[in-house]
Amino acid sequence: MPLALHLGTADLTRCRFAISPLCQTHEALRLLRRPSRHGYHQGWLRRMRRTVAGLDLAPLWLFIPPPGGYTPDFLGAPPEEPYPSFDDELARMRATDPALAHAEMARSLACTPGLAESPRGRAALDDPAATVRRLADLTERAWHALLAPDWPRHRAVLEADIAHRSRQAADGGLDALLTGLHPAVDWAGHTLTLRRYVDVPDAQRPDGRGVLLMPSVFVWPDVVSGFARPWQPTVIYPARGMGRLHTAPQPRPPEALARLVGHQRAAVLAGLGTASSTTDLARRHGLAPSTVSAHLSVLREAGLLESGRQGHYVLYRRTALGDALVEGDAGPGAE
């Protein structure tokens with residue numbers, strides 16, 4: 001049964017993007033619990049098997065039920081700003097109202113018959129403030145063990161997705177943006193419809209606050225919505241390029257491009273399928289950061305790259321001309 005989100009004028013003018021390291025952490029944990037999401041992440045799962053085994057995440061698993069169940073929204077709440085830090089999001093999670101936490105945890109436990117009445121379930125609900133603190137501590141451990149080491153690469157994939165969809169919106173308007181989110185998402189008549197959606201009855205409807213759009217590395221093949229009040233209505237969808245994050249070999253640039261700009265410079269350009277920092281590119285290509293920086297300057301001056309600051313990082317991504325050169329499409333008539 002589909003979930004239909006009817007967007008009024010106020011919602012349409014308040015649609016925005018965000019990247020949430022906290023939400024990504026809990027989507028990664030849900031990936032571990034839900035085999036249907038494993039397809040694109042077998043390499044990551046193999047690499048993390050020993051790390052996960054060394055983490056005692058039992059209190060978190062209590063609130064991450066099988067597919068179709070409800071995970072408390074405060075564990076990965078929609079962020080209030082576009083690019084929050086993990087520390088800021090974790091502080092917000094720790095400050096969750098105990099009454100709200102109790103209600104969301106009770107709803108989650110109710111998805112598994114008898115769990116709310118079990119000793120673990122009763123202990124969690126008897127002192128919701130203490131449970132929130134314990135879950136926040138475990139979430140922090142999970143973040144540092146599972147995501148923090150690779151976060152620049154993950155963030156680059158999410159940044160590249162937002163940049164691509166922003167260009168879609170600039171070229172074709174909101175219709176082009178919303179119709180291209182995911183094959184299971186339809187957009188017609190001011191209604192955003194999520195097909196194959198399970199948790200329909202309790203899903204929150206937009207109410208003038210707009211809809212938050214969040215790309216995710218780990219949510220595939222699902223599209224997630226339905227955050228209950230007081231949270232922002234949100235749609236979490238699979239990010240473009242996430243399938244290559246852990247599995248793809250470094251792309252080889254076309255030989256003609258290598259002859260034109262040099263092998264190292266061509267490799268740097270070809271490697272920018274997702275936005276990356278100088279440090280990330282240096283590590284990826286085995287070059288000195290100063291060498292990569294020099295290559296990036298030349299490529300940017302030639303109009304093949306663009307850059308933008310994200311927090312403490314400057315991220316580089318290919319322009320449309322850069323894409324065309326790497327893909328071998330920039331013929332004599334290309335503009």
# chains A, B, ... in the order shown; residues from 1 in each chain; ligands from 1
$ closest_atom_pairs --of "stretch 136-159 of chain A" --to "stretch 280-303 of chain A" --cutoff "12 Å" --atoms "only C-alpha atoms" --output "Markdown table"
| residue | atom | partner | partner_atom | distance |
| --- | --- | --- | --- | --- |
| A:Pro149 | CA | A:Asp280 | CA | 11.7 |
| A:Asp150 | CA | A:Asp280 | CA | 10.1 |
| A:Trp151 | CA | A:Asp280 | CA | 10.8 |
| A:Pro152 | CA | A:Asp280 | CA | 7.6 |
| A:Arg153 | CA | A:Asp280 | CA | 7.7 |
| A:His154 | CA | A:Asp280 | CA | 11.4 |
| A:Arg155 | CA | A:Asp280 | CA | 11.7 |
| A:Ala156 | CA | A:Asp280 | CA | 9.9 |
$ write_last_selection --atoms "N, CA, C and O atoms" --output "compact mmCIF listing (two decimals), in the first residue's frame"
# COMPACT_ATOMS: atom_id res chain seq x y z
N PRO A 149 35.77 6.45 10.20
CA PRO A 149 36.98 6.33 9.37
C PRO A 149 36.74 6.58 7.89
O PRO A 149 37.63 7.07 7.19
N ASP A 150 35.55 6.23 7.40
CA ASP A 150 35.23 6.39 5.97
C ASP A 150 34.30 7.57 5.70
O ASP A 150 33.83 7.74 4.57
N TRP A 151 34.02 8.39 6.73
CA TRP A 151 33.01 9.42 6.55
C TRP A 151 33.32 10.39 5.42
O TRP A 151 32.39 10.79 4.69
N PRO A 152 34.57 10.83 5.20
CA PRO A 152 34.80 11.75 4.06
C PRO A 152 34.32 11.16 2.73
O PRO A 152 33.75 11.87 1.91
N ARG A 153 34.52 9.85 2.51
CA ARG A 153 34.05 9.23 1.26
C ARG A 153 32.53 9.14 1.24
O ARG A 153 31.91 9.38 0.21
N HIS A 154 31.93 8.77 2.36
CA HIS A 154 30.47 8.71 2.42
C HIS A 154 29.87 10.09 2.18
O HIS A 154 28.93 10.24 1.40
N ARG A 155 30.43 11.07 2.87
CA ARG A 155 29.92 12.43 2.73
C ARG A 155 30.04 12.91 1.28
O ARG A 155 29.17 13.59 0.76
N ALA A 156 31.17 12.53 0.63
CA ALA A 156 31.36 12.94 -0.76
C ALA A 156 30.28 12.36 -1.67
O ALA A 156 29.79 13.04 -2.58
$ residues_around --residues "A:Asp127" --least-positions-apart "6" --cutoff "12 Å" --atoms "only C-alpha atoms" --output "MDAnalysis selection string"
chainID A and resid 98:99 101:102 105 120:121 133:134
$ write_last_selection --atoms "C-alpha atoms" --output "CSV table (one decimal), in the first residue's frame"
chain,number,residue,atom,x,y,z
A,98,PRO,CA,12.1,11.3,28.3
A,99,ALA,CA,8.3,11.3,27.7
A,101,ALA,CA,11.5,8.7,24.2
A,102,HIS,CA,9.2,6.5,26.3
A,105,MET,CA,10.4,3.1,22.5
A,120,ARG,CA,14.9,-5.9,29.0
A,121,GLY,CA,11.9,-4.1,27.7
A,133,ARG,CA,21.9,8.1,27.6
A,134,ARG,CA,22.8,4.4,27.1
$ closest_residue --among "A:Leu192, A:Leu177, A:Leu135, A:Leu62" --to "A:Ala110" --atoms "only C-alpha atoms"
A:Leu62
$ closest_atom_pairs --of "stretch 133-244 of chain A" --to "stretch 270-279 of chain A" --cutoff "12 Å" --atoms "only C-alpha atoms" --output "CSV"
residue,atom,partner,partner_atom,distance
A:Trp151,CA,A:Ser276,CA,11.2
A:Pro152,CA,A:Ser276,CA,7.6
A:Arg153,CA,A:Ser276,CA,7.1
A:His154,CA,A:Thr274,CA,9.4
A:Arg155,CA,A:Ala275,CA,8.5
A:Ala156,CA,A:Ala275,CA,4.8
A:Val157,CA,A:Thr274,CA,5.4
A:Leu158,CA,A:Thr274,CA,8.6
A:Glu159,CA,A:Ala275,CA,6.7
A:Ala160,CA,A:Thr274,CA,5.6
A:Asp161,CA,A:Thr274,CA,8.4
A:Ile162,CA,A:Ala275,CA,10.7
A:Ala163,CA,A:Ala275,CA,9.3
A:His164,CA,A:Thr274,CA,10.4
A:Ala239,CA,A:Thr274,CA,11.1
A:Arg240,CA,A:Thr274,CA,9.4
A:Gly241,CA,A:Thr274,CA,7.6
A:Met242,CA,A:Thr274,CA,9.6
A:Gly243,CA,A:Thr274,CA,11.9
A:Arg244,CA,A:Gly273,CA,9.7
$ write_last_selection --atoms "C-alpha atoms" --output "short mmCIF file (atom, residue, chain, number, x, y, z; two decimals), in the first residue's frame"
data_model
loop_
_atom_site.label_atom_id
_atom_site.label_comp_id
_atom_site.auth_asym_id
_atom_site.auth_seq_id
_atom_site.Cartn_x
_atom_site.Cartn_y
_atom_site.Cartn_z
CA TRP A 151 33.01 9.42 6.55
CA PRO A 152 34.80 11.75 4.06
CA ARG A 153 34.05 9.23 1.26
CA HIS A 154 30.47 8.71 2.42
CA ARG A 155 29.92 12.43 2.73
CA ALA A 156 31.36 12.94 -0.76
CA VAL A 157 28.82 10.50 -2.24
CA LEU A 158 25.96 12.26 -0.43
CA GLU A 159 27.28 15.70 -1.48
CA ALA A 160 27.53 14.58 -5.09
CA ASP A 161 23.94 13.31 -5.00
CA ILE A 162 22.66 16.63 -3.67
CA ALA A 163 24.70 18.55 -6.25
CA HIS A 164 23.26 16.41 -9.05
CA ALA A 239 22.10 8.15 -2.97
CA ARG A 240 23.40 7.99 -6.53
CA GLY A 241 26.78 6.27 -6.68
CA MET A 242 26.43 4.50 -3.34
CA GLY A 243 26.79 1.09 -5.03
CA ARG A 244 30.34 1.96 -6.10
#
$ closest_residue --among "A:Arg47, A:Leu32, A:Arg209, A:Thr319" --to "A:Ser307" --atoms "only C-alpha atoms"
A:Thr319
$ closest_residue --among "A:Glu327, A:Glu81, A:Glu306, A:Asp137" --to "A:Met93" --atoms "only C-alpha atoms"
A:Asp137
$ atom_distance --atom1 "atom CA of A:Cys111" --atom2 "atom CA of A:Gly69"
5.5 Å
$ atom_distance --atom1 "atom CA of A:Leu212" --atom2 "atom CA of A:Leu75"
17.0 Å
$ closest_residue --among "A:Arg92, A:Arg229, A:His26, A:His190" --to "A:Thr9" --atoms "only C-alpha atoms"
A:His190
$ select_by_dssp --residues "stretch 53-284 of chain A" --states "alpha helix (DSSP H)" --output "PyMOL selection string"
chain A and resi 53+58-61+86-94+98-109+119-126+128-142+151-179+255-261+263-270+278-284
$ residues_around --residues "A:Thr13" --least-positions-apart "2" --cutoff "12 Å" --atoms "only C-alpha atoms" --output "PDB file with N, CA, C and O atoms, in the first residue's frame"
ATOM      1  N   LEU A   7       1.557  17.716  -0.878  1.00  0.00           N
ATOM      2  CA  LEU A   7       2.362  18.897  -0.583  1.00  0.00           C
ATOM      3  C   LEU A   7       1.626  20.162  -0.989  1.00  0.00           C
ATOM      4  O   LEU A   7       1.290  20.347  -2.168  1.00  0.00           O
ATOM      5  N   GLY A   8       1.371  21.028  -0.008  1.00  0.00           N
ATOM      6  CA  GLY A   8       0.784  22.323  -0.304  1.00  0.00           C
ATOM      7  C   GLY A   8       1.851  23.302  -0.767  1.00  0.00           C
ATOM      8  O   GLY A   8       3.043  22.997  -0.816  1.00  0.00           O
ATOM      9  N   THR A   9       1.423  24.518  -1.084  1.00  0.00           N
ATOM     10  CA  THR A   9       2.353  25.539  -1.579  1.00  0.00           C
ATOM     11  C   THR A   9       3.460  25.802  -0.569  1.00  0.00           C
ATOM     12  O   THR A   9       4.643  25.913  -0.922  1.00  0.00           O
ATOM     13  N   ALA A  10       3.086  25.905   0.719  1.00  0.00           N
ATOM     14  CA  ALA A  10       4.101  26.167   1.747  1.00  0.00           C
ATOM     15  C   ALA A  10       5.112  25.031   1.829  1.00  0.00           C
ATOM     16  O   ALA A  10       6.311  25.266   2.042  1.00  0.00           O
ATOM     17  N   ASP A  11       4.661  23.776   1.654  1.00  0.00           N
ATOM     18  CA  ASP A  11       5.586  22.641   1.672  1.00  0.00           C
ATOM     19  C   ASP A  11       6.556  22.709   0.501  1.00  0.00           C
ATOM     20  O   ASP A  11       7.753  22.463   0.649  1.00  0.00           O
ATOM     21  N   CYS A  15      10.923  22.715   0.713  1.00  0.00           N
ATOM     22  CA  CYS A  15      11.666  21.478   0.485  1.00  0.00           C
ATOM     23  C   CYS A  15      13.160  21.787   0.554  1.00  0.00           C
ATOM     24  O   CYS A  15      13.626  22.785  -0.001  1.00  0.00           O
ATOM     25  N   ARG A  16      13.908  20.946   1.241  1.00  0.00           N
ATOM     26  CA  ARG A  16      15.347  21.184   1.380  1.00  0.00           C
ATOM     27  C   ARG A  16      16.077  19.860   1.524  1.00  0.00           C
ATOM     28  O   ARG A  16      15.465  18.818   1.767  1.00  0.00           O
ATOM     29  N   GLY A 173      13.178  22.275 -12.736  1.00  0.00           N
ATOM     30  CA  GLY A 173      12.232  22.617 -11.689  1.00  0.00           C
ATOM     31  C   GLY A 173      12.004  21.483 -10.705  1.00  0.00           C
ATOM     32  O   GLY A 173      12.626  20.415 -10.779  1.00  0.00           O
ATOM     33  N   LEU A 174      11.078  21.717  -9.784  1.00  0.00           N
ATOM     34  CA  LEU A 174      10.794  20.746  -8.731  1.00  0.00           C
ATOM     35  C   LEU A 174      10.267  19.435  -9.306  1.00  0.00           C
ATOM     36  O   LEU A 174      10.514  18.358  -8.746  1.00  0.00           O
ATOM     37  N   GLY A 208       2.948  22.101   5.944  1.00  0.00           N
ATOM     38  CA  GLY A 208       3.434  23.449   5.708  1.00  0.00           C
ATOM     39  C   GLY A 208       4.872  23.659   6.111  1.00  0.00           C
ATOM     40  O   GLY A 208       5.463  24.691   5.787  1.00  0.00           O
ATOM     41  N   ARG A 209       5.459  22.688   6.834  1.00  0.00           N
ATOM     42  CA  ARG A 209       6.869  22.812   7.220  1.00  0.00           C
ATOM     43  C   ARG A 209       7.810  22.349   6.119  1.00  0.00           C
ATOM     44  O   ARG A 209       9.026  22.445   6.242  1.00  0.00           O
ATOM     45  N   GLY A 210       7.261  21.834   5.035  1.00  0.00           N
ATOM     46  CA  GLY A 210       8.088  21.332   3.949  1.00  0.00           C
ATOM     47  C   GLY A 210       8.512  19.902   4.175  1.00  0.00           C
ATOM     48  O   GLY A 210       8.185  19.279   5.187  1.00  0.00           O
ATOM     49  N   VAL A 211       9.237  19.368   3.213  1.00  0.00           N
ATOM     50  CA  VAL A 211       9.735  17.998   3.290  1.00  0.00           C
ATOM     51  C   VAL A 211      11.255  18.037   3.197  1.00  0.00           C
ATOM     52  O   VAL A 211      11.825  18.704   2.328  1.00  0.00           O
ATOM     53  N   LEU A 212      11.902  17.336   4.108  1.00  0.00           N
ATOM     54  CA  LEU A 212      13.354  17.213   4.114  1.00  0.00           C
ATOM     55  C   LEU A 212      13.747  16.015   3.255  1.00  0.00           C
ATOM     56  O   LEU A 212      13.222  14.917   3.444  1.00  0.00           O
TER      57      LEU A 212
END
$ closest_residue --among "A:Ala103, A:Ala130, A:Ala28, A:Leu5" --to "A:Pro59" --atoms "only C-alpha atoms"
A:Ala130
$ residues_around --residues "A:Pro82" --least-positions-apart "3" --cutoff "9 Å" --atoms "only C-alpha atoms" --output "VMD selection string"
chain A and resid 16 to 20 79
$ residues_around --residues "A:Leu147" --least-positions-apart "5" --cutoff "12 Å" --atoms "only C-alpha atoms" --output "PyMOL selection string"
chain A and resi 20-29+44+48+51-52+86+139-142+152-155+217-218
$ atom_distance --atom1 "atom CA of A:Ser36" --atom2 "atom CA of A:Ala116"
26.0 Å
